[in-house]
$ cat final23.csv   # CSV, N, CA and C atoms
chain,number,residue,atom,x,y,z
I,1,MET,N,18.0,5.4,5.5
I,1,MET,CA,17.6,4.0,5.4
I,1,MET,C,16.9,3.6,6.8
I,2,ALA,N,15.8,2.9,6.7
I,2,ALA,CA,15.0,2.5,7.8
I,2,ALA,C,15.3,1.0,8.1
I,3,ASP,N,15.3,0.6,9.3
I,3,ASP,CA,15.4,-0.8,9.7
I,3,ASP,C,14.1,-1.3,10.1
I,4,THR,N,13.8,-2.6,9.7
I,4,THR,CA,12.7,-3.3,10.1
I,4,THR,C,13.1,-4.7,10.6
I,5,ILE,N,12.2,-5.4,11.3
I,5,ILE,CA,12.5,-6.7,11.7
I,5,ILE,C,11.6,-7.7,11.0
I,6,VAL,N,12.2,-8.9,10.6
I,6,VAL,CA,11.4,-9.9,9.9
I,6,VAL,C,10.9,-10.9,11.0
I,7,THR,N,9.6,-11.2,11.0
I,7,THR,CA,9.0,-12.1,12.0
I,7,THR,C,9.3,-13.5,11.6
I,8,GLU,N,8.9,-14.4,12.5
I,8,GLU,CA,9.0,-15.9,12.3
I,8,GLU,C,8.3,-16.3,11.0
I,9,LYS,N,7.2,-15.6,10.7
I,9,LYS,CA,6.4,-15.9,9.5
I,9,LYS,C,7.0,-15.3,8.2
I,10,GLY,N,8.1,-14.5,8.4
I,10,GLY,CA,8.7,-13.9,7.2
I,10,GLY,C,8.1,-12.5,6.8
I,11,THR,N,7.2,-12.0,7.7
I,11,THR,CA,6.6,-10.7,7.4
I,11,THR,C,7.5,-9.5,8.0
I,12,THR,N,7.3,-8.4,7.5
I,12,THR,CA,7.9,-7.2,8.0
I,12,THR,C,7.0,-6.0,7.7
I,13,THR,N,7.3,-4.9,8.3
I,13,THR,CA,6.5,-3.7,8.0
I,13,THR,C,7.3,-2.7,7.1
I,14,ILE,N,6.6,-2.3,6.1
I,14,ILE,CA,7.2,-1.3,5.1
I,14,ILE,C,7.2,0.0,5.8
I,15,PRO,N,8.3,0.7,6.0
I,15,PRO,CA,8.3,2.0,6.7
I,15,PRO,C,7.3,3.0,6.1
I,16,ASN,N,6.7,3.8,6.9
I,16,ASN,CA,5.7,4.8,6.5
I,16,ASN,C,6.2,5.7,5.4
I,17,GLU,N,7.4,6.2,5.6
I,17,GLU,CA,7.9,7.1,4.5
I,17,GLU,C,8.0,6.5,3.2
I,18,ILE,N,8.3,5.2,3.2
I,18,ILE,CA,8.4,4.5,1.9
I,18,ILE,C,7.0,4.3,1.3
I,19,ARG,N,6.1,3.8,2.2
I,19,ARG,CA,4.7,3.6,1.7
I,19,ARG,C,4.1,4.9,1.1
I,20,ARG,N,4.3,6.0,1.8
I,20,ARG,CA,3.8,7.3,1.3
I,20,ARG,C,4.5,7.7,0.0
I,21,ALA,N,5.8,7.6,-0.1
I,21,ALA,CA,6.5,8.0,-1.3
I,21,ALA,C,6.1,7.2,-2.5
I,22,LEU,N,5.8,5.9,-2.3
I,22,LEU,CA,5.4,5.1,-3.5
I,22,LEU,C,3.9,4.8,-3.6
I,23,GLY,N,3.1,5.4,-2.7
I,23,GLY,CA,1.7,5.2,-2.9
I,23,GLY,C,1.3,3.8,-2.5
I,24,ILE,N,1.9,3.1,-1.6
I,24,ILE,CA,1.6,1.8,-1.2
I,24,ILE,C,0.5,1.8,-0.1
I,25,ALA,N,-0.7,1.3,-0.4
I,25,ALA,CA,-1.8,1.3,0.5
I,25,ALA,C,-2.2,-0.1,0.8
I,26,PRO,N,-3.1,-0.4,1.8
I,26,PRO,CA,-3.5,-1.7,2.0
I,26,PRO,C,-4.1,-2.3,0.7
I,27,GLY,N,-3.8,-3.5,0.5
I,27,GLY,CA,-4.2,-4.2,-0.8
I,27,GLY,C,-3.3,-4.1,-1.9
I,28,THR,N,-2.3,-3.3,-1.8
I,28,THR,CA,-1.3,-3.1,-2.9
I,28,THR,C,-0.5,-4.5,-3.0
I,29,VAL,N,-0.4,-5.0,-4.2
I,29,VAL,CA,0.3,-6.2,-4.5
I,29,VAL,C,1.8,-5.9,-4.8
I,30,LEU,N,2.7,-6.5,-4.1
I,30,LEU,CA,4.1,-6.3,-4.4
I,30,LEU,C,4.7,-7.5,-5.0
I,31,GLN,N,5.7,-7.3,-5.9
I,31,GLN,CA,6.4,-8.3,-6.6
I,31,GLN,C,7.9,-8.3,-6.0
I,32,TRP,N,8.4,-9.4,-5.5
I,32,TRP,CA,9.7,-9.5,-4.9
I,32,TRP,C,10.7,-10.2,-5.7
I,33,SER,N,11.9,-9.7,-5.7
I,33,SER,CA,13.0,-10.4,-6.4
I,33,SER,C,14.3,-10.1,-5.6
I,34,VAL,N,15.3,-10.9,-6.0
I,34,VAL,CA,16.7,-10.8,-5.4
I,34,VAL,C,17.6,-10.2,-6.4
I,35,ARG,N,18.3,-9.2,-6.1
I,35,ARG,CA,19.3,-8.6,-7.0
I,35,ARG,C,20.7,-8.6,-6.2
I,36,GLY,N,21.5,-9.6,-6.5
I,36,GLY,CA,22.8,-9.7,-5.8
I,36,GLY,C,22.5,-10.0,-4.4
I,37,ASP,N,22.9,-9.2,-3.5
I,37,ASP,CA,22.6,-9.4,-2.0
I,37,ASP,C,21.5,-8.5,-1.5
I,38,ALA,N,20.7,-7.9,-2.4
I,38,ALA,CA,19.6,-7.0,-2.1
I,38,ALA,C,18.3,-7.6,-2.4
I,39,ILE,N,17.3,-7.2,-1.7
I,39,ILE,CA,15.9,-7.6,-2.0
I,39,ILE,C,15.2,-6.4,-2.7
I,40,GLU,N,14.5,-6.7,-3.7
I,40,GLU,CA,13.8,-5.6,-4.5
I,40,GLU,C,12.3,-5.9,-4.4
I,41,ALA,N,11.5,-4.9,-4.1
I,41,ALA,CA,10.0,-5.0,-4.1
I,41,ALA,C,9.5,-3.9,-5.0
I,42,ARG,N,8.6,-4.3,-5.9
I,42,ARG,CA,7.9,-3.4,-6.8
I,42,ARG,C,6.4,-3.6,-6.7
I,43,LYS,N,5.7,-2.4,-6.9
I,43,LYS,CA,4.2,-2.6,-7.0
I,43,LYS,C,3.9,-3.3,-8.3
I,44,LYS,N,3.0,-4.3,-8.2
I,44,LYS,CA,2.7,-5.1,-9.4
I,44,LYS,C,1.8,-4.2,-10.3
I,45,PRO,N,2.3,-4.0,-11.6
I,45,PRO,CA,1.5,-3.1,-12.5
I,45,PRO,C,0.2,-3.7,-12.8
I,46,GLY,N,-0.8,-2.8,-13.0
I,46,GLY,CA,-2.1,-3.2,-13.4
I,46,GLY,C,-3.0,-3.8,-12.3
I,47,VAL,N,-2.5,-3.8,-11.1
I,47,VAL,CA,-3.3,-4.4,-10.0
I,47,VAL,C,-3.7,-3.2,-9.1
I,48,LEU,N,-5.0,-3.0,-8.9
I,48,LEU,CA,-5.5,-1.9,-8.1
I,48,LEU,C,-5.6,-2.2,-6.6
I,49,ASN,N,-5.2,-1.3,-5.8
I,49,ASN,CA,-5.3,-1.5,-4.3
I,49,ASN,C,-6.7,-1.2,-3.9
I,50,GLU,N,-7.0,-1.3,-2.6
I,50,GLU,CA,-8.4,-1.2,-2.1
I,50,GLU,C,-9.0,0.2,-2.5
I,51,MET,N,-8.2,1.3,-2.2
I,51,MET,CA,-8.6,2.6,-2.5
I,51,MET,C,-8.9,2.9,-3.9
I,52,GLN,N,-8.0,2.4,-4.8
I,52,GLN,CA,-8.2,2.6,-6.2
I,52,GLN,C,-9.4,1.8,-6.7
I,53,ARG,N,-9.7,0.6,-6.2
I,53,ARG,CA,-10.9,-0.1,-6.6
I,53,ARG,C,-12.1,0.6,-6.2
I,54,ARG,N,-12.2,1.2,-5.0
I,54,ARG,CA,-13.4,1.9,-4.5
I,54,ARG,C,-13.6,3.1,-5.4
I,55,ILE,N,-12.6,3.8,-5.8
I,55,ILE,CA,-12.8,5.0,-6.6
I,55,ILE,C,-13.3,4.6,-8.0
I,56,ARG,N,-12.7,3.5,-8.6
I,56,ARG,CA,-13.1,3.1,-9.9
I,56,ARG,C,-14.5,2.6,-9.9
I,57,GLU,N,-15.0,1.9,-8.8
I,57,GLU,CA,-16.3,1.5,-8.7
I,57,GLU,C,-17.3,2.6,-8.8
I,58,ARG,N,-16.9,3.8,-8.2
I,58,ARG,CA,-17.8,4.9,-8.2
I,58,ARG,C,-17.7,5.9,-9.3
I,59,ALA,N,-16.6,5.7,-10.1
I,59,ALA,CA,-16.3,6.6,-11.2
I,59,ALA,C,-17.6,6.8,-12.1
I,60,GLY,N,-17.9,8.0,-12.3
I,60,GLY,CA,-19.0,8.3,-13.2
I,60,GLY,C,-20.4,8.2,-12.6
I,61,SER,N,-20.4,7.8,-11.3
I,61,SER,CA,-21.7,7.6,-10.6
I,61,SER,C,-22.3,8.8,-10.0
I,62,TRP,N,-21.6,9.9,-9.9
I,62,TRP,CA,-22.1,11.1,-9.3
I,62,TRP,C,-22.9,11.9,-10.3
I,63,ASN,N,-24.2,12.1,-10.0
I,63,ASN,CA,-25.1,12.8,-10.9
I,63,ASN,C,-25.5,14.1,-10.4
I,64,GLY,N,-24.8,14.6,-9.3
I,64,GLY,CA,-25.2,15.9,-8.7
I,64,GLY,C,-26.2,15.8,-7.7
I,65,ASN,N,-26.8,14.7,-7.4
I,65,ASN,CA,-27.9,14.6,-6.5
I,65,ASN,C,-27.4,14.3,-5.0
I,66,ILE,N,-26.1,14.2,-4.8
I,66,ILE,CA,-25.6,14.1,-3.5
I,66,ILE,C,-24.5,15.2,-3.3
I,67,SER,N,-24.2,15.5,-2.0
I,67,SER,CA,-23.2,16.5,-1.7
I,67,SER,C,-21.8,15.9,-2.0
I,68,GLY,N,-20.9,16.8,-2.2
I,68,GLY,CA,-19.5,16.4,-2.3
I,68,GLY,C,-19.0,15.7,-1.1
I,69,LYS,N,-19.5,16.1,0.1
I,69,LYS,CA,-19.1,15.4,1.4
I,69,LYS,C,-19.6,13.9,1.3
I,70,GLU,N,-20.8,13.7,0.9
I,70,GLU,CA,-21.4,12.4,0.8
I,70,GLU,C,-20.6,11.6,-0.2
I,71,LEU,N,-20.3,12.2,-1.3
I,71,LEU,CA,-19.5,11.4,-2.4
I,71,LEU,C,-18.2,11.0,-1.8
I,72,LEU,N,-17.5,11.9,-1.0
I,72,LEU,CA,-16.2,11.5,-0.4
I,72,LEU,C,-16.4,10.4,0.6
I,73,ARG,N,-17.5,10.4,1.4
I,73,ARG,CA,-17.8,9.4,2.4
I,73,ARG,C,-18.0,8.0,1.7
I,74,ARG,N,-18.6,8.0,0.6
I,74,ARG,CA,-18.9,6.8,-0.2
I,74,ARG,C,-17.6,6.2,-0.8
I,75,THR,N,-16.7,7.1,-1.2
I,75,THR,CA,-15.5,6.6,-1.9
I,75,THR,C,-14.3,6.3,-1.0
I,76,ARG,N,-14.3,6.9,0.2
I,76,ARG,CA,-13.2,6.6,1.1
I,76,ARG,C,-13.2,5.2,1.7
I,77,PRO,N,-12.1,4.6,1.8
I,77,PRO,CA,-12.0,3.3,2.4
I,77,PRO,C,-12.5,3.3,3.8
I,78,ALA,N,-13.2,2.3,4.3
I,78,ALA,CA,-13.8,2.3,5.6
I,78,ALA,C,-12.7,2.1,6.7
I,79,HIS,N,-11.6,1.5,6.4
I,79,HIS,CA,-10.6,1.2,7.5
I,79,HIS,C,-9.9,2.5,7.9
I,80,SER,N,-9.9,2.8,9.2
I,80,SER,CA,-9.4,4.1,9.7
I,80,SER,C,-7.9,4.3,9.4
I,81,MET,N,-7.1,3.2,9.3
I,81,MET,CA,-5.7,3.3,9.0
I,81,MET,C,-5.5,3.7,7.6
I,82,VAL,N,-6.3,3.2,6.7
I,82,VAL,CA,-6.2,3.6,5.3
I,82,VAL,C,-6.5,5.1,5.2
I,83,ARG,N,-7.6,5.6,5.9
I,83,ARG,CA,-7.9,7.0,5.8
I,83,ARG,C,-6.8,7.8,6.4
I,84,LYS,N,-6.1,7.4,7.4
I,84,LYS,CA,-5.0,8.1,8.0
I,84,LYS,C,-3.9,8.2,7.0
I,85,PHE,N,-3.6,7.0,6.4
I,85,PHE,CA,-2.5,7.0,5.4
I,85,PHE,C,-2.8,7.8,4.2
I,86,VAL,N,-3.9,7.7,3.6
I,86,VAL,CA,-4.3,8.3,2.4
I,86,VAL,C,-4.6,9.8,2.6
I,87,PHE,N,-5.3,10.1,3.6
I,87,PHE,CA,-5.8,11.5,3.7
I,87,PHE,C,-5.1,12.3,4.8
I,88,GLY,N,-4.2,11.7,5.5
I,88,GLY,CA,-3.4,12.4,6.5
I,88,GLY,C,-4.2,12.8,7.7
I,89,SER,N,-5.3,12.2,8.0
I,89,SER,CA,-6.1,12.7,9.1
I,89,SER,C,-5.7,12.0,10.4

$ encode --input "final23.csv" --output "structure tokens"
Amino acid sequence: MADTIVTEKGTTTIPNEIRRALGIAPGTVLQWSVRGDAIEARKKPGVLNEMQRRIRERAGSWNGNISGKELLRRTRPAHSMVRKFVFGS
């Protein structure tokens, strides 16, 4: 179990191991609820995060006229933290 601190604004950081295990990336919408004395957060079904939206936007658009490297460049999120989280670079 990981500990985090809640800020004055009520925000906290989801530990990296939890984000990776559940596929939580920037733009992921979470639904919060209280279960007894516990807080439960779930990914909202049917809502795409930033990375998923970018891939869906490009789905079916590759016609072989660009390299695989260029296709990856176009579909990867621009934010370096997202790349680090998603691609482990």

$ atom_distance --input "final23.csv" --atom1 "atom N of Ala41 in chain I" --atom2 "atom N of Arg54 in chain I"
24.5 Å

$ atom_distance --input "final23.csv" --atom1 "atom N of Leu22 in chain I" --atom2 "atom C of Gly36 in chain I"
23.2 Å

$ residues_around --input "final23.csv" --residues "Val47 in chain I" --least-positions-apart "3" --cutoff "8 Å" --atoms "all atoms listed in the file" --output "ChimeraX atom specification"
/I:27-29,43-44,50,52-53

$ write_last_selection --input "final23.csv" --atoms "N, CA and C atoms" --output "PDB file, keeping the file's coordinate frame"
ATOM      1  N   GLY I  27      -3.800  -3.500   0.500  1.00  0.00           N
ATOM      2  CA  GLY I  27      -4.200  -4.200  -0.800  1.00  0.00           C
ATOM      3  C   GLY I  27      -3.300  -4.100  -1.900  1.00  0.00           C
ATOM      4  N   THR I  28      -2.300  -3.300  -1.800  1.00  0.00           N
ATOM      5  CA  THR I  28      -1.300  -3.100  -2.900  1.00  0.00           C
ATOM      6  C   THR I  28      -0.500  -4.500  -3.000  1.00  0.00           C
ATOM      7  N   VAL I  29      -0.400  -5.000  -4.200  1.00  0.00           N
ATOM      8  CA  VAL I  29       0.300  -6.200  -4.500  1.00  0.00           C
ATOM      9  C   VAL I  29       1.800  -5.900  -4.800  1.00  0.00           C
ATOM     10  N   LYS I  43       5.700  -2.400  -6.900  1.00  0.00           N
ATOM     11  CA  LYS I  43       4.200  -2.600  -7.000  1.00  0.00           C
ATOM     12  C   LYS I  43       3.900  -3.300  -8.300  1.00  0.00           C
ATOM     13  N   LYS I  44       3.000  -4.300  -8.200  1.00  0.00           N
ATOM     14  CA  LYS I  44       2.700  -5.100  -9.400  1.00  0.00           C
ATOM     15  C   LYS I  44       1.800  -4.200 -10.300  1.00  0.00           C
ATOM     16  N   GLU I  50      -7.000  -1.300  -2.600  1.00  0.00           N
ATOM     17  CA  GLU I  50      -8.400  -1.200  -2.100  1.00  0.00           C
ATOM     18  C   GLU I  50      -9.000   0.200  -2.500  1.00  0.00           C
ATOM     19  N   GLN I  52      -8.000   2.400  -4.800  1.00  0.00           N
ATOM     20  CA  GLN I  52      -8.200   2.600  -6.200  1.00  0.00           C
ATOM     21  C   GLN I  52      -9.400   1.800  -6.700  1.00  0.00           C
ATOM     22  N   ARG I  53      -9.700   0.600  -6.200  1.00  0.00           N
ATOM     23  CA  ARG I  53     -10.900  -0.100  -6.600  1.00  0.00           C
ATOM     24  C   ARG I  53     -12.100   0.600  -6.200  1.00  0.00           C
TER      25      ARG I  53
END

$ atom_distance --input "final23.csv" --atom1 "CA of Pro26 in chain I" --atom2 "CA of Thr13 in chain I"
11.8 Å

$ select_by_dssp --input "final23.csv" --residues "range 2-83 of chain I" --states "strand (DSSP E or B)" --output "list in words"
Leu30, Gln31, Trp32, Ser33, Val34, Arg35, Ala38, Ile39, Glu40, Ala41, Arg42 and Lys43 of chain I

$ write_last_selection --input "final23.csv" --atoms "N, CA and C atoms" --output "PDB file, in the coordinates of the input"
ATOM      1  N   LEU I  30       2.700  -6.500  -4.100  1.00  0.00           N
ATOM      2  CA  LEU I  30       4.100  -6.300  -4.400  1.00  0.00           C
ATOM      3  C   LEU I  30       4.700  -7.500  -5.000  1.00  0.00           C
ATOM      4  N   GLN I  31       5.700  -7.300  -5.900  1.00  0.00           N
ATOM      5  CA  GLN I  31       6.400  -8.300  -6.600  1.00  0.00           C
ATOM      6  C   GLN I  31       7.900  -8.300  -6.000  1.00  0.00           C
ATOM      7  N   TRP I  32       8.400  -9.400  -5.500  1.00  0.00           N
ATOM      8  CA  TRP I  32       9.700  -9.500  -4.900  1.00  0.00           C
ATOM      9  C   TRP I  32      10.700 -10.200  -5.700  1.00  0.00           C
ATOM     10  N   SER I  33      11.900  -9.700  -5.700  1.00  0.00           N
ATOM     11  CA  SER I  33      13.000 -10.400  -6.400  1.00  0.00           C
ATOM     12  C   SER I  33      14.300 -10.100  -5.600  1.00  0.00           C
ATOM     13  N   VAL I  34      15.300 -10.900  -6.000  1.00  0.00           N
ATOM     14  CA  VAL I  34      16.700 -10.800  -5.400  1.00  0.00           C
ATOM     15  C   VAL I  34      17.600 -10.200  -6.400  1.00  0.00           C
ATOM     16  N   ARG I  35      18.300  -9.200  -6.100  1.00  0.00           N
ATOM     17  CA  ARG I  35      19.300  -8.600  -7.000  1.00  0.00           C
ATOM     18  C   ARG I  35      20.700  -8.600  -6.200  1.00  0.00           C
ATOM     19  N   ALA I  38      20.700  -7.900  -2.400  1.00  0.00           N
ATOM     20  CA  ALA I  38      19.600  -7.000  -2.100  1.00  0.00           C
ATOM     21  C   ALA I  38      18.300  -7.600  -2.400  1.00  0.00           C
ATOM     22  N   ILE I  39      17.300  -7.200  -1.700  1.00  0.00           N
ATOM     23  CA  ILE I  39      15.900  -7.600  -2.000  1.00  0.00           C
ATOM     24  C   ILE I  39      15.200  -6.400  -2.700  1.00  0.00           C
ATOM     25  N   GLU I  40      14.500  -6.700  -3.700  1.00  0.00           N
ATOM     26  CA  GLU I  40      13.800  -5.600  -4.500  1.00  0.00           C
ATOM     27  C   GLU I  40      12.300  -5.900  -4.400  1.00  0.00           C
ATOM     28  N   ALA I  41      11.500  -4.900  -4.100  1.00  0.00           N
ATOM     29  CA  ALA I  41      10.000  -5.000  -4.100  1.00  0.00           C
ATOM     30  C   ALA I  41       9.500  -3.900  -5.000  1.00  0.00           C
ATOM     31  N   ARG I  42       8.600  -4.300  -5.900  1.00  0.00           N
ATOM     32  CA  ARG I  42       7.900  -3.400  -6.800  1.00  0.00           C
ATOM     33  C   ARG I  42       6.400  -3.600  -6.700  1.00  0.00           C
ATOM     34  N   LYS I  43       5.700  -2.400  -6.900  1.00  0.00           N
ATOM     35  CA  LYS I  43       4.200  -2.600  -7.000  1.00  0.00           C
ATOM     36  C   LYS I  43       3.900  -3.300  -8.300  1.00  0.00           C
TER      37      LYS I  43
END
